[in-house]
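Source file: coords_12.pdb (PDB, C-alpha atoms)
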```pdb
ATOM      1  CA  MET H   1      60.828  -5.049  64.371
ATOM      2  CA  ALA H   2      59.429  -7.280  61.833
ATOM      3  CA  GLY H   3      57.886  -4.246  60.185
ATOM      4  CA  SER H   4      61.277  -2.524  60.025
ATOM      5  CA  THR H   5      63.000  -5.433  58.301
ATOM      6  CA  GLU H   6      60.385  -5.449  55.600
ATOM      7  CA  GLU H   7      60.798  -1.782  54.990
ATOM      8  CA  HIS H   8      64.561  -2.081  54.641
ATOM      9  CA  LEU H   9      64.591  -4.674  51.915
ATOM     10  CA  ASP H  10      67.061  -4.617  49.173
ATOM     11  CA  PRO H  11      65.910  -2.331  46.344
ATOM     12  CA  GLU H  12      66.711  -4.995  43.698
ATOM     13  CA  VAL H  13      64.486  -7.475  45.481
ATOM     14  CA  ALA H  14      61.750  -4.907  45.598
ATOM     15  CA  GLU H  15      62.045  -4.358  41.823
ATOM     16  CA  VAL H  16      61.835  -8.099  41.193
ATOM     17  CA  GLU H  17      58.804  -8.353  43.407
ATOM     18  CA  ASP H  18      57.218  -5.369  41.643
ATOM     19  CA  GLY H  19      58.027  -6.910  38.243
ATOM     20  CA  ALA H  20      56.473 -10.189  39.234
ATOM     21  CA  MET H  21      53.410  -8.403  40.425
ATOM     22  CA  GLY H  22      53.368  -6.380  37.236
ATOM     23  CA  ASN H  23      53.436  -9.544  35.150
ATOM     24  CA  GLU H  24      50.533 -10.940  37.070
ATOM     25  CA  ALA H  25      48.635  -7.721  36.515
ATOM     26  CA  THR H  26      49.345  -7.660  32.764
ATOM     27  CA  GLN H  27      48.569 -11.329  32.197
ATOM     28  CA  PRO H  28      44.764 -11.046  32.731
ATOM     29  CA  GLU H  29      44.801  -7.934  30.551
ATOM     30  CA  ALA H  30      46.429  -9.904  27.733
ATOM     31  CA  GLU H  31      43.902 -12.719  28.100
ATOM     32  CA  SER H  32      41.062 -10.215  28.069
ATOM     33  CA  GLN H  33      42.511  -8.600  24.952
ATOM     34  CA  VAL H  34      42.604 -11.988  23.172
ATOM     35  CA  THR H  35      39.035 -12.685  24.267
ATOM     36  CA  ASP H  36      37.975  -9.233  23.107
ATOM     37  CA  ALA H  37      39.634  -9.851  19.727
ATOM     38  CA  GLU H  38      37.814 -13.167  19.375
ATOM     39  CA  GLU H  39      34.542 -11.549  20.428
ATOM     40  CA  GLY H  40      35.141  -8.718  17.973
ATOM     41  CA  THR H  41      35.519 -11.246  15.148
ATOM     42  CA  SER H  42      32.411 -13.168  16.123
ATOM     43  CA  THR H  43      30.489  -9.941  16.645
ATOM     44  CA  ASP H  44      31.529  -8.731  13.187
ATOM     45  CA  SER H  45      30.477 -12.033  11.586
ATOM     46  CA  ASP H  46      27.204 -11.975  13.558
ATOM     47  CA  LYS H  47      26.559  -8.445  12.335
ATOM     48  CA  GLY H  48      27.377  -9.501   8.752
ATOM     49  CA  ALA H  49      25.076 -12.522   8.959
ATOM     50  CA  GLN H  50      22.333 -10.399  10.500
ATOM     51  CA  ALA H  51      22.683  -7.808   7.718
ATOM     52  CA  GLU H  52      22.602 -10.553   5.074
ATOM     53  CA  LEU H  53      19.509 -12.074   6.699
ATOM     54  CA  GLU H  54      17.792  -8.677   6.708
ATOM     55  CA  GLU H  55      18.689  -8.167   3.047
ATOM     56  CA  LEU H  56      17.326 -11.614   2.117
ATOM     57  CA  ARG H  57      14.151 -10.979   4.117
ATOM     58  CA  ASP H  58      13.704  -7.633   2.364
ATOM     59  CA  ARG H  59      14.217  -9.254  -1.063
ATOM     60  CA  HIS H  60      11.745 -11.990  -0.168
ATOM     61  CA  LEU H  61       9.097  -9.472   0.874
ATOM     62  CA  ARG H  62       9.636  -7.433  -2.289
ATOM     63  CA  LEU H  63       9.360 -10.538  -4.505
ATOM     64  CA  ALA H  64       6.202 -11.645  -2.690
ATOM     65  CA  ALA H  65       4.669  -8.187  -3.179
ATOM     66  CA  GLU H  66       5.664  -8.130  -6.865
ATOM     67  CA  PHE H  67       4.167 -11.592  -7.383
ATOM     68  CA  GLU H  68       0.910 -10.573  -5.700
ATOM     69  CA  ASN H  69       0.737  -7.464  -7.921
ATOM     70  CA  PHE H  70       1.420  -9.650 -10.980
ATOM     71  CA  ARG H  71      -1.423 -12.010  -9.995
ATOM     72  CA  LYS H  72      -3.827  -9.096  -9.549
ATOM     73  CA  ARG H  73      -2.834  -7.554 -12.896
ATOM     74  CA  THR H  74      -3.166 -10.908 -14.675
ATOM     75  CA  ARG H  75      -6.580 -11.570 -13.130
ATOM     76  CA  GLU H  76      -7.775  -8.091 -14.140
ATOM     77  CA  GLU H  77      -6.404  -8.510 -17.672
ATOM     78  CA  LEU H  78      -8.108 -11.894 -18.069
ATOM     79  CA  MET H  79     -11.390 -10.508 -16.804
ATOM     80  CA  GLY H  80     -10.984  -7.542 -19.133
ATOM     81  CA  ALA H  81     -10.208  -9.824 -22.076
ATOM     82  CA  GLY H  82     -13.278 -11.932 -21.346
ATOM     83  CA  GLU H  83     -15.452  -8.853 -21.072
ATOM     84  CA  ARG H  84     -14.051  -7.457 -24.342
ATOM     85  CA  ALA H  85     -14.751 -10.780 -26.094
ATOM     86  CA  GLN H  86     -18.308 -10.803 -24.763
ATOM     87  CA  ALA H  87     -18.761  -7.184 -25.819
ATOM     88  CA  THR H  88     -17.566  -8.055 -29.334
ATOM     89  CA  LEU H  89     -20.031 -10.951 -29.548
ATOM     90  CA  VAL H  90     -22.893  -8.846 -28.216
ATOM     91  CA  GLY H  91     -21.998  -6.088 -30.677
ATOM     92  CA  SER H  92     -22.182  -8.527 -33.577
ATOM     93  CA  LEU H  93     -25.557  -9.817 -32.322
ATOM     94  CA  LEU H  94     -27.049  -6.310 -32.287
ATOM     95  CA  ASP H  95     -27.699  -6.417 -36.054
ATOM     96  CA  VAL H  96     -29.667  -9.643 -35.615
ATOM     97  CA  LEU H  97     -31.573  -8.099 -32.726
ATOM     98  CA  ASP H  98     -32.374  -5.063 -34.898
ATOM     99  CA  ASP H  99     -33.804  -7.409 -37.543
ATOM    100  CA  PHE H 100     -36.056  -9.017 -34.920
ATOM    101  CA  HIS H 101     -37.266  -5.576 -33.845
ATOM    102  CA  ARG H 102     -38.049  -4.669 -37.460
ATOM    103  CA  MET H 103     -40.023  -7.902 -37.843
ATOM    104  CA  HIS H 104     -41.980  -7.033 -34.719
ATOM    105  CA  GLU H 105     -42.919  -3.641 -36.190
ATOM    106  CA  VAL H 106     -44.383  -5.137 -39.382
ATOM    107  CA  GLU H 107     -48.056  -4.356 -39.703
ATOM    108  CA  VAL H 108     -50.094  -7.542 -39.510
ATOM    109  CA  GLU H 109     -52.578  -6.392 -42.185
ATOM    110  CA  HIS H 110     -49.854  -6.054 -44.813
ATOM    111  CA  ALA H 111     -47.818  -9.148 -43.868
ATOM    112  CA  THR H 112     -48.344 -12.564 -45.369
ATOM    113  CA  ALA H 113     -47.312 -15.855 -43.797
ATOM    114  CA  GLY H 114     -44.777 -16.349 -46.596
ATOM    115  CA  SER H 115     -43.104 -12.964 -46.034
ATOM    116  CA  VAL H 116     -42.920 -13.531 -42.276
ATOM    117  CA  LEU H 117     -41.353 -16.972 -42.789
ATOM    118  CA  GLU H 118     -38.895 -15.502 -45.286
ATOM    119  CA  GLY H 119     -37.949 -12.780 -42.769
ATOM    120  CA  VAL H 120     -37.453 -15.330 -39.987
ATOM    121  CA  SER H 121     -35.314 -17.461 -42.311
ATOM    122  CA  LEU H 122     -33.135 -14.454 -43.205
ATOM    123  CA  VAL H 123     -32.679 -13.540 -39.529
ATOM    124  CA  GLN H 124     -31.827 -17.149 -38.642
ATOM    125  CA  ARG H 125     -29.177 -17.356 -41.380
ATOM    126  CA  LYS H 126     -27.689 -14.062 -40.195
ATOM    127  CA  LEU H 127     -27.634 -15.289 -36.587
ATOM    128  CA  ASP H 128     -26.035 -18.604 -37.630
ATOM    129  CA  ARG H 129     -23.369 -16.727 -39.596
ATOM    130  CA  VAL H 130     -22.564 -14.370 -36.683
ATOM    131  CA  LEU H 131     -22.287 -17.277 -34.220
ATOM    132  CA  ALA H 132     -20.186 -19.338 -36.657
ATOM    133  CA  GLU H 133     -17.785 -16.388 -37.023
ATOM    134  CA  ALA H 134     -17.574 -16.215 -33.222
ATOM    135  CA  GLY H 135     -16.566 -19.910 -33.128
ATOM    136  CA  LEU H 136     -19.860 -21.787 -32.660
ATOM    137  CA  GLU H 137     -20.189 -25.101 -34.486
ATOM    138  CA  PHE H 138     -23.483 -26.993 -34.623
ATOM    139  CA  ILE H 139     -23.581 -30.772 -34.165
ATOM    140  CA  ASP H 140     -26.217 -32.411 -36.382
ATOM    141  CA  PRO H 141     -25.278 -36.114 -36.367
ATOM    142  CA  ARG H 142     -28.206 -37.523 -38.342
ATOM    143  CA  GLY H 143     -27.223 -40.973 -39.746
ATOM    144  CA  GLU H 144     -23.783 -40.922 -38.095
ATOM    145  CA  PRO H 145     -22.503 -43.500 -35.595
ATOM    146  CA  PHE H 146     -23.518 -42.676 -32.006
ATOM    147  CA  ASP H 147     -20.746 -40.800 -30.122
ATOM    148  CA  PRO H 148     -21.320 -40.476 -26.359
ATOM    149  CA  GLU H 149     -18.723 -37.676 -26.226
ATOM    150  CA  SER H 150     -20.953 -35.293 -28.196
ATOM    151  CA  MET H 151     -24.397 -36.913 -28.137
ATOM    152  CA  GLU H 152     -27.033 -37.853 -25.598
ATOM    153  CA  ALA H 153     -29.265 -40.820 -26.472
ATOM    154  CA  VAL H 154     -32.787 -40.165 -25.231
ATOM    155  CA  LEU H 155     -34.493 -43.021 -27.094
ATOM    156  CA  ARG H 156     -33.654 -46.441 -28.571
ATOM    157  CA  VAL H 157     -35.358 -47.380 -31.808
ATOM    158  CA  PRO H 158     -35.437 -50.967 -33.140
ATOM    159  CA  ALA H 159     -33.223 -51.190 -36.212
ATOM    160  CA  GLU H 160     -34.703 -52.676 -39.371
ATOM    161  CA  GLU H 161     -31.311 -53.596 -40.827
ATOM    162  CA  GLU H 162     -28.062 -54.639 -39.154
ATOM    163  CA  GLY H 163     -25.933 -51.851 -40.673
ATOM    164  CA  ALA H 164     -27.994 -49.260 -38.804
ATOM    165  CA  ASP H 165     -27.057 -50.561 -35.330
ATOM    166  CA  ASP H 166     -25.716 -47.784 -33.038
ATOM    167  CA  ARG H 167     -26.404 -45.084 -35.610
ATOM    168  CA  VAL H 168     -28.383 -41.902 -35.013
ATOM    169  CA  ALA H 169     -31.988 -42.357 -36.137
ATOM    170  CA  GLN H 170     -33.348 -38.894 -35.369
ATOM    171  CA  VAL H 171     -31.992 -35.625 -33.950
ATOM    172  CA  PHE H 172     -34.328 -34.048 -31.405
ATOM    173  CA  GLN H 173     -32.022 -31.166 -30.512
ATOM    174  CA  VAL H 174     -28.896 -30.072 -32.386
ATOM    175  CA  GLY H 175     -25.752 -29.943 -30.239
ATOM    176  CA  ALA H 176     -23.126 -27.221 -30.208
ATOM    177  CA  ARG H 177     -19.392 -26.722 -29.721
ATOM    178  CA  PHE H 178     -17.813 -23.364 -29.070
ATOM    179  CA  ARG H 179     -14.172 -23.211 -30.162
ATOM    180  CA  GLY H 180     -13.712 -26.928 -29.568
ATOM    181  CA  HIS H 181     -15.548 -27.061 -26.224
ATOM    182  CA  LEU H 182     -18.822 -28.960 -26.046
ATOM    183  CA  VAL H 183     -21.524 -26.476 -25.060
ATOM    184  CA  ARG H 184     -24.494 -28.803 -25.474
ATOM    185  CA  PRO H 185     -24.671 -32.447 -26.612
ATOM    186  CA  ALA H 186     -26.981 -33.359 -29.464
ATOM    187  CA  ARG H 187     -30.095 -35.166 -28.159
ATOM    188  CA  VAL H 188     -30.817 -38.103 -30.426
ATOM    189  CA  SER H 189     -32.562 -41.435 -30.857
ATOM    190  CA  VAL H 190     -30.325 -44.381 -31.703
ATOM    191  CA  TRP H 191     -31.037 -47.464 -33.823
ATOM    192  CA  LYS H 192     -30.556 -50.734 -31.920
ATOM    193  CA  VAL H 193     -30.703 -54.267 -33.330
ATOM    194  CA  ASP H 194     -32.735 -56.584 -31.039
TER     195      ASP H 194
END
```
Would you encode the structure as structure tokens?
Amino acid sequence: MAGSTEEHLDPEVAEVEDGAMGNEATQPEAESQVTDAEEGTSTDSDKGAQAELEELRDRHLRLAAEFENFRKRTREELMGAGERAQATLVGSLLDVLDDFHRMHEVEVEHATAGSVLEGVSLVQRKLDRVLAEAGLEFIDPRGEPFDPESMEAVLRVPAEEEGADDRVAQVFQVGARFRGHLVRPARVSVWKVD
């Protein structure tokens, strides 16, 4: 009998009960829709951030590759410039070398000591001129005050007068600078007052 009373309920009550059940059924759907909307927003922003990160990573890799290529090109250009400068210097020294070869081919029977010395002097002047044009400067500090930046004292000589103290007495080997850089210090003896 209890089953029959439930079946014969008032239709309005049944609608109310169905409506209440319907609300309960639609409430989780609404919550899930809100959650889905929030997840959709965060998913979109995550995708945007991920895309931006990928773009930045790609730009970084491209810049790193460009920089590495720039370094290689610069290194090759510098090496090429150095080689071209050396080739220019060697080319200008070829004339001097030719003169030495001509001196070597002189017949000893027809050569005098004076002519050989004159030939050597001419070749030396030519070599000095070529090296000076390339940027070589000789350091011959005879009589000048001693300068440890460009000279090497190999001997101390007792000075006969006080004004000669710390001055170069004799040059054993001329020094050289190439375009402002010391290539070899002058080796000298220096006057010293006891």
So, with only C-alpha atoms as the atoms that count, which of H:Ala153, H:Phe100, H:Gly180, H:Trp191 lies closest to Arg167 of chain H? H:Trp191
What is the atom CA of Arg187 of chain H to atom CA of Arg125 of chain H distance in Å? 22.2 Å
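Put simply, atom CA of Val90 of chain H is 22.2 Å away from atom CA of Glu105 of chain H.
Applied to this file, the PyMOL selection byres ((chain H and resi 126) around 12) selects the residues Ser92, Leu93, Leu94, Asp95, Val96, Leu97, Asp98, Asp99, Phe100, Gly119, Val120, Ser121, Leu122, Val123, Gln124, Arg125, Leu127, Asp128, Arg129, Val130, Leu131, Ala132 and Glu133 of chain H.
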Using C-alpha atoms, can you write the selected residues to a file as a PDB file, in the coordinates of the input?
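Wrote it out as result_37.pdb, contents follow:
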```
ATOM      1  CA  SER H  92     -22.182  -8.527 -33.577  1.00  0.00           C
ATOM      2  CA  LEU H  93     -25.557  -9.817 -32.322  1.00  0.00           C
ATOM      3  CA  LEU H  94     -27.049  -6.310 -32.287  1.00  0.00           C
ATOM      4  CA  ASP H  95     -27.699  -6.417 -36.054  1.00  0.00           C
ATOM      5  CA  VAL H  96     -29.667  -9.643 -35.615  1.00  0.00           C
ATOM      6  CA  LEU H  97     -31.573  -8.099 -32.726  1.00  0.00           C
ATOM      7  CA  ASP H  98     -32.374  -5.063 -34.898  1.00  0.00           C
ATOM      8  CA  ASP H  99     -33.804  -7.409 -37.543  1.00  0.00           C
ATOM      9  CA  PHE H 100     -36.056  -9.017 -34.920  1.00  0.00           C
ATOM     10  CA  GLY H 119     -37.949 -12.780 -42.769  1.00  0.00           C
ATOM     11  CA  VAL H 120     -37.453 -15.330 -39.987  1.00  0.00           C
ATOM     12  CA  SER H 121     -35.314 -17.461 -42.311  1.00  0.00           C
ATOM     13  CA  LEU H 122     -33.135 -14.454 -43.205  1.00  0.00           C
ATOM     14  CA  VAL H 123     -32.679 -13.540 -39.529  1.00  0.00           C
ATOM     15  CA  GLN H 124     -31.827 -17.149 -38.642  1.00  0.00           C
ATOM     16  CA  ARG H 125     -29.177 -17.356 -41.380  1.00  0.00           C
ATOM     17  CA  LEU H 127     -27.634 -15.289 -36.587  1.00  0.00           C
ATOM     18  CA  ASP H 128     -26.035 -18.604 -37.630  1.00  0.00           C
ATOM     19  CA  ARG H 129     -23.369 -16.727 -39.596  1.00  0.00           C
ATOM     20  CA  VAL H 130     -22.564 -14.370 -36.683  1.00  0.00           C
ATOM     21  CA  LEU H 131     -22.287 -17.277 -34.220  1.00  0.00           C
ATOM     22  CA  ALA H 132     -20.186 -19.338 -36.657  1.00  0.00           C
ATOM     23  CA  GLU H 133     -17.785 -16.388 -37.023  1.00  0.00           C
TER      24      GLU H 133
END
```
For a quick check of your reading of the model, name the residues lying within 6 Å of the coordinate (-18.1, -26.7, -32.2), counting all atoms listed in the file, and write them as a PDB file with C-alpha atoms, keeping the file's coordinate frame.
```pdb
ATOM      1  CA  LEU H 136     -19.860 -21.787 -32.660  1.00  0.00           C
ATOM      2  CA  GLU H 137     -20.189 -25.101 -34.486  1.00  0.00           C
ATOM      3  CA  PHE H 138     -23.483 -26.993 -34.623  1.00  0.00           C
ATOM      4  CA  ALA H 176     -23.126 -27.221 -30.208  1.00  0.00           C
ATOM      5  CA  ARG H 177     -19.392 -26.722 -29.721  1.00  0.00           C
ATOM      6  CA  PHE H 178     -17.813 -23.364 -29.070  1.00  0.00           C
ATOM      7  CA  ARG H 179     -14.172 -23.211 -30.162  1.00  0.00           C
ATOM      8  CA  GLY H 180     -13.712 -26.928 -29.568  1.00  0.00           C
TER       9      GLY H 180
END
```
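Of the residues listed (H:Gly91, H:Gly114, H:Gly135, H:Gly82), H:Gly135 shows the shortest atom-to-atom separation from Val183 of chain H; distances use only C-alpha atoms.
We find atom CA of Ser150 of chain H and atom CA of Arg184 of chain H to be spaced 7.9 Å apart.
Among the candidates H:His181, H:His104, H:Lys72, H:Arg84, the one nearest to Ile139 of chain H when counting only C-alpha atoms is H:His181.
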Resolved residues for the PyMOL selection byres ((chain H and resi 194) around 7) as a PyMOL selection string: chain H and resi 158+192-193
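Minimum atom-to-atom distance to Glu144 of chain H, evaluated using only C-alpha atoms, belongs to H:Val188 out of H:Ala65, H:Asp58, H:Val188, H:Phe70.
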Could you give me segment 67-78 of chain H completed to N, CA and C atoms, formatted as a PDB file, in the frame of the given file?
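Contents of selection.pdb, freshly written:
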```pdb
ATOM      1  N   PHE H  67       4.943 -10.461  -6.891  1.00  0.00           N
ATOM      2  CA  PHE H  67       4.167 -11.592  -7.383  1.00  0.00           C
ATOM      3  C   PHE H  67       2.673 -11.360  -7.154  1.00  0.00           C
ATOM      4  N   GLU H  68       2.315 -10.851  -6.005  1.00  0.00           N
ATOM      5  CA  GLU H  68       0.910 -10.573  -5.700  1.00  0.00           C
ATOM      6  C   GLU H  68       0.360  -9.513  -6.666  1.00  0.00           C
ATOM      7  N   ASN H  69       1.150  -8.482  -6.948  1.00  0.00           N
ATOM      8  CA  ASN H  69       0.737  -7.464  -7.921  1.00  0.00           C
ATOM      9  C   ASN H  69       0.573  -8.066  -9.313  1.00  0.00           C
ATOM     10  N   PHE H  70       1.497  -8.965  -9.683  1.00  0.00           N
ATOM     11  CA  PHE H  70       1.420  -9.650 -10.980  1.00  0.00           C
ATOM     12  C   PHE H  70       0.136 -10.467 -11.075  1.00  0.00           C
ATOM     13  N   ARG H  71      -0.194 -11.207 -10.005  1.00  0.00           N
ATOM     14  CA  ARG H  71      -1.423 -12.010  -9.995  1.00  0.00           C
ATOM     15  C   ARG H  71      -2.654 -11.126 -10.158  1.00  0.00           C
ATOM     16  N   LYS H  72      -2.680  -9.999  -9.446  1.00  0.00           N
ATOM     17  CA  LYS H  72      -3.827  -9.096  -9.549  1.00  0.00           C
ATOM     18  C   LYS H  72      -3.955  -8.535 -10.964  1.00  0.00           C
ATOM     19  N   ARG H  73      -2.812  -8.098 -11.534  1.00  0.00           N
ATOM     20  CA  ARG H  73      -2.834  -7.554 -12.896  1.00  0.00           C
ATOM     21  C   ARG H  73      -3.308  -8.609 -13.887  1.00  0.00           C
ATOM     22  N   THR H  74      -2.794  -9.835 -13.756  1.00  0.00           N
ATOM     23  CA  THR H  74      -3.166 -10.908 -14.675  1.00  0.00           C
ATOM     24  C   THR H  74      -4.647 -11.214 -14.570  1.00  0.00           C
ATOM     25  N   ARG H  75      -5.160 -11.293 -13.335  1.00  0.00           N
ATOM     26  CA  ARG H  75      -6.580 -11.570 -13.130  1.00  0.00           C
ATOM     27  C   ARG H  75      -7.430 -10.465 -13.764  1.00  0.00           C
ATOM     28  N   GLU H  76      -7.032  -9.209 -13.560  1.00  0.00           N
ATOM     29  CA  GLU H  76      -7.775  -8.091 -14.140  1.00  0.00           C
ATOM     30  C   GLU H  76      -7.715  -8.109 -15.663  1.00  0.00           C
ATOM     31  N   GLU H  77      -6.539  -8.451 -16.223  1.00  0.00           N
ATOM     32  CA  GLU H  77      -6.404  -8.510 -17.672  1.00  0.00           C
ATOM     33  C   GLU H  77      -7.264  -9.618 -18.256  1.00  0.00           C
ATOM     34  N   LEU H  78      -7.278 -10.788 -17.579  1.00  0.00           N
ATOM     35  CA  LEU H  78      -8.108 -11.894 -18.069  1.00  0.00           C
ATOM     36  C   LEU H  78      -9.585 -11.536 -18.008  1.00  0.00           C
TER      37      LEU H  78
END
```
